[in-house]
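Q: Shown below is the structure under consideration.
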Amino acid sequence: MREAERLVTAGVKELLVISQDTSAYGLDLRYAKSTWRGQEHDTRFITLAEALGSLGAWVRLHYVYPCPHVDRVLPLMADDRVLPYLDIPFQHASPKVLKAMRRPAHQEKTLERIALWRDICPDLAIRSTFIVGFPGETEEDFELLLDWLGEAKLTRVGCFKYENVDGAAANSLERHVPEEVKAERYGRLMERQQAISTELLASRVGKMIEVMVDEVDHEGAIARSHWDAPEIDGNVYLSGETALKPGDRVVVRVEAFDEYDLWADPVGSETARERLDATA
């Protein structure tokens, strides 16, 4: 937290929390207590999120797993203390493939948990990555993944084709998937997700959202919404808005969309928080 405070004091506008498993924060320390701002705190995921959310910067959580204790962070998102964004590496939906990956295989319970989260915070964006062509993946396994994506309706999705890695246990698995099949499945998954993304972004048209400006050039500003992590997700384009500065937070009305990005116009001179509060 002292590091986070120094960053915000220095002018940082967005804090990205990134680790191999952010939801396990403090486990290695047995949730030891420490003092910050004169108060004692447990070293826990929810305590960290609460503290970061008090600094006034955007807080974005990456690599979080759908554990029951993660439910507690959703009210912070609904209250605008933490961005309504979770990056969860699901990797696949087939129980058989997940078992081969040595990962938990509770895709049905995961869908239930996602529904619970959206009940608490309807604006929640979930980003994930998937692997196609893992050794032993059948057409049935892949179709199950496509069906799962159709139900989950994740906001942002990345996909990788499986490749052997030096020293990885998966190298010795049987029934490696041919490269042409991996490529075909990759294309089908991205096509399915593109349709889902287009539908979700279309639902934003006409709505007012808060964005943060990343770049400004002679054509206007390039910004991101609460649902867009830097460099990996989409953008919100503000044509003609050359007077803005990187780091500005602006409320805009969404006017247009494509498969991954939005186009919008600023809606007034009030601060972002004032404008959103007035329309809540």
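Chain lettering (A, B, ...) mirrors the order of the structure tokens, residue numbering begins at 1 for each chain separately, and ligand numbering begins at 1 in order of display.
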From stretch 28-57 of chain A, collect each residue whose DSSP state is alpha helix (DSSP H) and return the set as a short mmCIF file (atom, residue, chain, number, x, y, z; two decimals) with N, CA, C and O atoms, in the first residue's frame.
A:
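Done, and the output landed in out-v4.cif:
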data_model
loop_
_atom_site.label_atom_id
_atom_site.label_comp_id
_atom_site.auth_asym_id
_atom_site.auth_seq_id
_atom_site.Cartn_x
_atom_site.Cartn_y
_atom_site.Cartn_z
N PHE A 45 -6.76 -10.68 0.10
CA PHE A 45 -7.22 -10.15 -1.18
C PHE A 45 -8.24 -9.02 -0.98
O PHE A 45 -8.11 -7.93 -1.55
N ILE A 46 -9.27 -9.26 -0.16
CA ILE A 46 -10.32 -8.26 0.01
C ILE A 46 -9.79 -7.03 0.72
O ILE A 46 -10.15 -5.89 0.38
N THR A 47 -8.88 -7.21 1.69
CA THR A 47 -8.32 -6.07 2.41
C THR A 47 -7.47 -5.21 1.48
O THR A 47 -7.52 -3.98 1.54
N LEU A 48 -6.70 -5.86 0.62
CA LEU A 48 -5.91 -5.13 -0.36
C LEU A 48 -6.81 -4.33 -1.30
O LEU A 48 -6.55 -3.16 -1.58
N ALA A 49 -7.88 -4.96 -1.80
CA ALA A 49 -8.79 -4.28 -2.71
C ALA A 49 -9.45 -3.08 -2.03
O ALA A 49 -9.58 -2.01 -2.63
N GLU A 50 -9.86 -3.26 -0.78
CA GLU A 50 -10.48 -2.14 -0.05
C GLU A 50 -9.51 -0.98 0.10
O GLU A 50 -9.88 0.19 -0.10
N ALA A 51 -8.27 -1.29 0.47
CA ALA A 51 -7.28 -0.23 0.69
C ALA A 51 -6.92 0.48 -0.61
O ALA A 51 -6.87 1.71 -0.67
N LEU A 52 -6.68 -0.29 -1.67
CA LEU A 52 -6.37 0.32 -2.96
C LEU A 52 -7.52 1.20 -3.45
O LEU A 52 -7.30 2.26 -4.03
#
Q: What's around A:Arg188 at 12 Å? Count only C-alpha atoms, leave out sequence neighbours fewer than 3 positions away in its own chain, and write the answer as a ChimeraX atom specification.
A: /A:132,139,142-143,145-147,149,159,181-185,191-195
Q: Let me make sure I understand: among A:Asp21, A:Glu259, A:Glu137, A:Glu180, which one has the smallest atom-to-atom distance to A:Arg156 if we use only C-alpha atoms?
A: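 Between A:Asp21, A:Glu259, A:Glu137, A:Glu180, the residue approaching A:Arg156 most closely is A:Glu259.
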Q: Just the residues within 9 Å of A:Trp148, please, counting only C-alpha atoms, with nothing from its chain fewer than 3 positions along; format it as JSON, numbers by chain.
A: {"A": [93, 94, 107, 108, 111, 143, 144, 145, 151, 152, 153]}
Q: Rank nothing, just name the residue among A:Gly56, A:Pro266, A:Gly26, A:Pro135 nearest to A:Glu241, using only C-alpha atoms.
A: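 Counting only C-alpha atoms, the residue closest to A:Glu241 is A:Pro266.
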Q: Work out how far apart atom CA of A:Phe160 and atom CA of A:Thr22 are and give it in Å to one decimal.
A: 21.9 Å
Q: My list of candidates is A:Trp117, A:Lys33, A:Asp214, A:Gly136. Which is closest to A:Arg175 when distances are computed with only C-alpha atoms?
A: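 Closest candidate: A:Gly136.
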Q: Taking the chain letters and numbering used in this document, name the residues of stretch 211-251 of chain A that DSSP puts in strand (DSSP E), as a ChimeraX atom specification.
A: /A:211-217,220-225,236-239,249-251
Q: Excluding A:Gly206 and its own-chain neighbours fewer than 6 positions away, which residues fall within 12 Å of it when counting only C-alpha atoms? Please give them as a PDB file with all heavy atoms, in the first residue's frame.
A:
ATOM      1  N   VAL A 252     -18.519  10.240 -21.221  1.00  0.00           N
ATOM      2  CA  VAL A 252     -18.857  10.335 -22.639  1.00  0.00           C
ATOM      3  C   VAL A 252     -20.147   9.571 -22.919  1.00  0.00           C
ATOM      4  O   VAL A 252     -20.559   8.716 -22.136  1.00  0.00           O
ATOM      5  CB  VAL A 252     -17.719   9.769 -23.519  1.00  0.00           C
ATOM      6  CG1 VAL A 252     -16.425  10.533 -23.288  1.00  0.00           C
ATOM      7  CG2 VAL A 252     -17.514   8.276 -23.254  1.00  0.00           C
ATOM      8  N   ARG A 253     -20.768   9.910 -24.049  1.00  0.00           N
ATOM      9  CA  ARG A 253     -21.919   9.158 -24.531  1.00  0.00           C
ATOM     10  C   ARG A 253     -21.465   8.311 -25.721  1.00  0.00           C
ATOM     11  O   ARG A 253     -20.896   8.823 -26.672  1.00  0.00           O
ATOM     12  CB  ARG A 253     -23.066  10.069 -24.936  1.00  0.00           C
ATOM     13  CG  ARG A 253     -24.291   9.299 -25.469  1.00  0.00           C
ATOM     14  CD  ARG A 253     -25.443  10.220 -25.832  1.00  0.00           C
ATOM     15  NE  ARG A 253     -26.103  10.749 -24.638  1.00  0.00           N
ATOM     16  CZ  ARG A 253     -25.968  12.005 -24.196  1.00  0.00           C
ATOM     17  NH1 ARG A 253     -25.192  12.863 -24.848  1.00  0.00           N
ATOM     18  NH2 ARG A 253     -26.589  12.412 -23.116  1.00  0.00           N
ATOM     19  N   VAL A 254     -21.729   7.015 -25.659  1.00  0.00           N
ATOM     20  CA  VAL A 254     -21.302   6.111 -26.720  1.00  0.00           C
ATOM     21  C   VAL A 254     -22.187   6.318 -27.943  1.00  0.00           C
ATOM     22  O   VAL A 254     -23.418   6.284 -27.855  1.00  0.00           O
ATOM     23  CB  VAL A 254     -21.374   4.644 -26.240  1.00  0.00           C
ATOM     24  CG1 VAL A 254     -20.961   3.701 -27.375  1.00  0.00           C
ATOM     25  CG2 VAL A 254     -20.481   4.433 -25.026  1.00  0.00           C
ATOM     26  N   GLU A 255     -21.543   6.516 -29.105  1.00  0.00           N
ATOM     27  CA  GLU A 255     -22.267   6.800 -30.334  1.00  0.00           C
ATOM     28  C   GLU A 255     -22.175   5.669 -31.358  1.00  0.00           C
ATOM     29  O   GLU A 255     -23.064   5.508 -32.194  1.00  0.00           O
ATOM     30  CB  GLU A 255     -21.728   8.086 -30.969  1.00  0.00           C
ATOM     31  CG  GLU A 255     -21.795   9.309 -30.064  1.00  0.00           C
ATOM     32  CD  GLU A 255     -23.220   9.762 -29.766  1.00  0.00           C
ATOM     33  OE1 GLU A 255     -24.155   9.289 -30.450  1.00  0.00           O
ATOM     34  OE2 GLU A 255     -23.409  10.576 -28.842  1.00  0.00           O
ATOM     35  N   ALA A 256     -21.091   4.892 -31.339  1.00  0.00           N
ATOM     36  CA  ALA A 256     -20.911   3.858 -32.359  1.00  0.00           C
ATOM     37  C   ALA A 256     -19.988   2.768 -31.816  1.00  0.00           C
ATOM     38  O   ALA A 256     -19.333   2.935 -30.782  1.00  0.00           O
ATOM     39  CB  ALA A 256     -20.342   4.460 -33.639  1.00  0.00           C
ATOM     40  N   PHE A 257     -19.934   1.647 -32.553  1.00  0.00           N
ATOM     41  CA  PHE A 257     -19.154   0.504 -32.089  1.00  0.00           C
ATOM     42  C   PHE A 257     -18.719  -0.342 -33.282  1.00  0.00           C
ATOM     43  O   PHE A 257     -19.268  -0.242 -34.380  1.00  0.00           O
ATOM     44  CB  PHE A 257     -19.992  -0.370 -31.144  1.00  0.00           C
ATOM     45  CG  PHE A 257     -21.130  -1.072 -31.847  1.00  0.00           C
ATOM     46  CD1 PHE A 257     -21.004  -2.389 -32.272  1.00  0.00           C
ATOM     47  CD2 PHE A 257     -22.329  -0.409 -32.104  1.00  0.00           C
ATOM     48  CE1 PHE A 257     -22.041  -3.030 -32.945  1.00  0.00           C
ATOM     49  CE2 PHE A 257     -23.374  -1.038 -32.768  1.00  0.00           C
ATOM     50  CZ  PHE A 257     -23.224  -2.360 -33.192  1.00  0.00           C
ATOM     51  N   LEU A 262     -15.182   1.289 -29.232  1.00  0.00           N
ATOM     52  CA  LEU A 262     -16.311   2.204 -29.176  1.00  0.00           C
ATOM     53  C   LEU A 262     -15.878   3.585 -29.665  1.00  0.00           C
ATOM     54  O   LEU A 262     -14.700   3.945 -29.579  1.00  0.00           O
ATOM     55  CB  LEU A 262     -16.826   2.330 -27.734  1.00  0.00           C
ATOM     56  CG  LEU A 262     -17.412   1.079 -27.074  1.00  0.00           C
ATOM     57  CD1 LEU A 262     -17.714   1.348 -25.608  1.00  0.00           C
ATOM     58  CD2 LEU A 262     -18.673   0.602 -27.798  1.00  0.00           C
ATOM     59  N   TRP A 263     -16.861   4.374 -30.170  1.00  0.00           N
ATOM     60  CA  TRP A 263     -16.662   5.773 -30.504  1.00  0.00           C
ATOM     61  C   TRP A 263     -17.652   6.572 -29.669  1.00  0.00           C
ATOM     62  O   TRP A 263     -18.819   6.171 -29.517  1.00  0.00           O
ATOM     63  CB  TRP A 263     -16.910   6.016 -31.989  1.00  0.00           C
ATOM     64  CG  TRP A 263     -15.756   5.620 -32.847  1.00  0.00           C
ATOM     65  CD1 TRP A 263     -14.823   6.444 -33.416  1.00  0.00           C
ATOM     66  CD2 TRP A 263     -15.379   4.282 -33.241  1.00  0.00           C
ATOM     67  NE1 TRP A 263     -13.904   5.713 -34.127  1.00  0.00           N
ATOM     68  CE2 TRP A 263     -14.218   4.378 -34.031  1.00  0.00           C
ATOM     69  CE3 TRP A 263     -15.899   3.016 -32.969  1.00  0.00           C
ATOM     70  CZ2 TRP A 263     -13.577   3.271 -34.569  1.00  0.00           C
ATOM     71  CZ3 TRP A 263     -15.274   1.903 -33.508  1.00  0.00           C
ATOM     72  CH2 TRP A 263     -14.120   2.031 -34.304  1.00  0.00           C
ATOM     73  N   ALA A 264     -17.195   7.683 -29.095  1.00  0.00           N
ATOM     74  CA  ALA A 264     -18.043   8.408 -28.159  1.00  0.00           C
ATOM     75  C   ALA A 264     -17.737   9.901 -28.193  1.00  0.00           C
ATOM     76  O   ALA A 264     -16.710  10.336 -28.723  1.00  0.00           O
ATOM     77  CB  ALA A 264     -17.837   7.865 -26.742  1.00  0.00           C
ATOM     78  N   ASP A 265     -18.637  10.690 -27.576  1.00  0.00           N
ATOM     79  CA  ASP A 265     -18.475  12.136 -27.459  1.00  0.00           C
ATOM     80  C   ASP A 265     -18.619  12.538 -25.999  1.00  0.00           C
ATOM     81  O   ASP A 265     -19.502  12.014 -25.291  1.00  0.00           O
ATOM     82  CB  ASP A 265     -19.546  12.883 -28.268  1.00  0.00           C
ATOM     83  CG  ASP A 265     -19.401  12.627 -29.768  1.00  0.00           C
ATOM     84  OD1 ASP A 265     -18.255  12.555 -30.244  1.00  0.00           O
ATOM     85  OD2 ASP A 265     -20.445  12.493 -30.440  1.00  0.00           O
ATOM     86  N   VAL A 267     -19.904  14.535 -22.755  1.00  0.00           N
ATOM     87  CA  VAL A 267     -21.278  15.002 -22.556  1.00  0.00           C
ATOM     88  C   VAL A 267     -21.386  16.258 -21.717  1.00  0.00           C
ATOM     89  O   VAL A 267     -22.483  16.756 -21.504  1.00  0.00           O
ATOM     90  CB  VAL A 267     -22.138  13.888 -21.898  1.00  0.00           C
ATOM     91  CG1 VAL A 267     -22.290  12.716 -22.839  1.00  0.00           C
ATOM     92  CG2 VAL A 267     -21.555  13.445 -20.578  1.00  0.00           C
TER      93      VAL A 267
END
Q: Any chance you could tabulate, as a Markdown table, the residues of stretch 97-188 of chain A at most 10 Å from stretch 215-237 of chain A with each one's nearest atom pair and distance in Å to one decimal, using only C-alpha atoms, in chain and rising number order?
A:
| residue | atom | partner | partner_atom | distance |
| --- | --- | --- | --- | --- |
| A:Asp123 | CA | A:Trp227 | CA | 8.6 |
| A:Leu124 | CA | A:Trp227 | CA | 7.8 |
| A:Ala125 | CA | A:Trp227 | CA | 5.5 |
| A:Ile126 | CA | A:Trp227 | CA | 8.1 |
| A:Arg127 | CA | A:Trp227 | CA | 8.8 |
| A:Thr155 | CA | A:Trp227 | CA | 7.8 |
| A:Arg156 | CA | A:Asp233 | CA | 6.9 |
| A:Val157 | CA | A:Asp233 | CA | 8.8 |
| A:Gly158 | CA | A:Ile232 | CA | 8.8 |
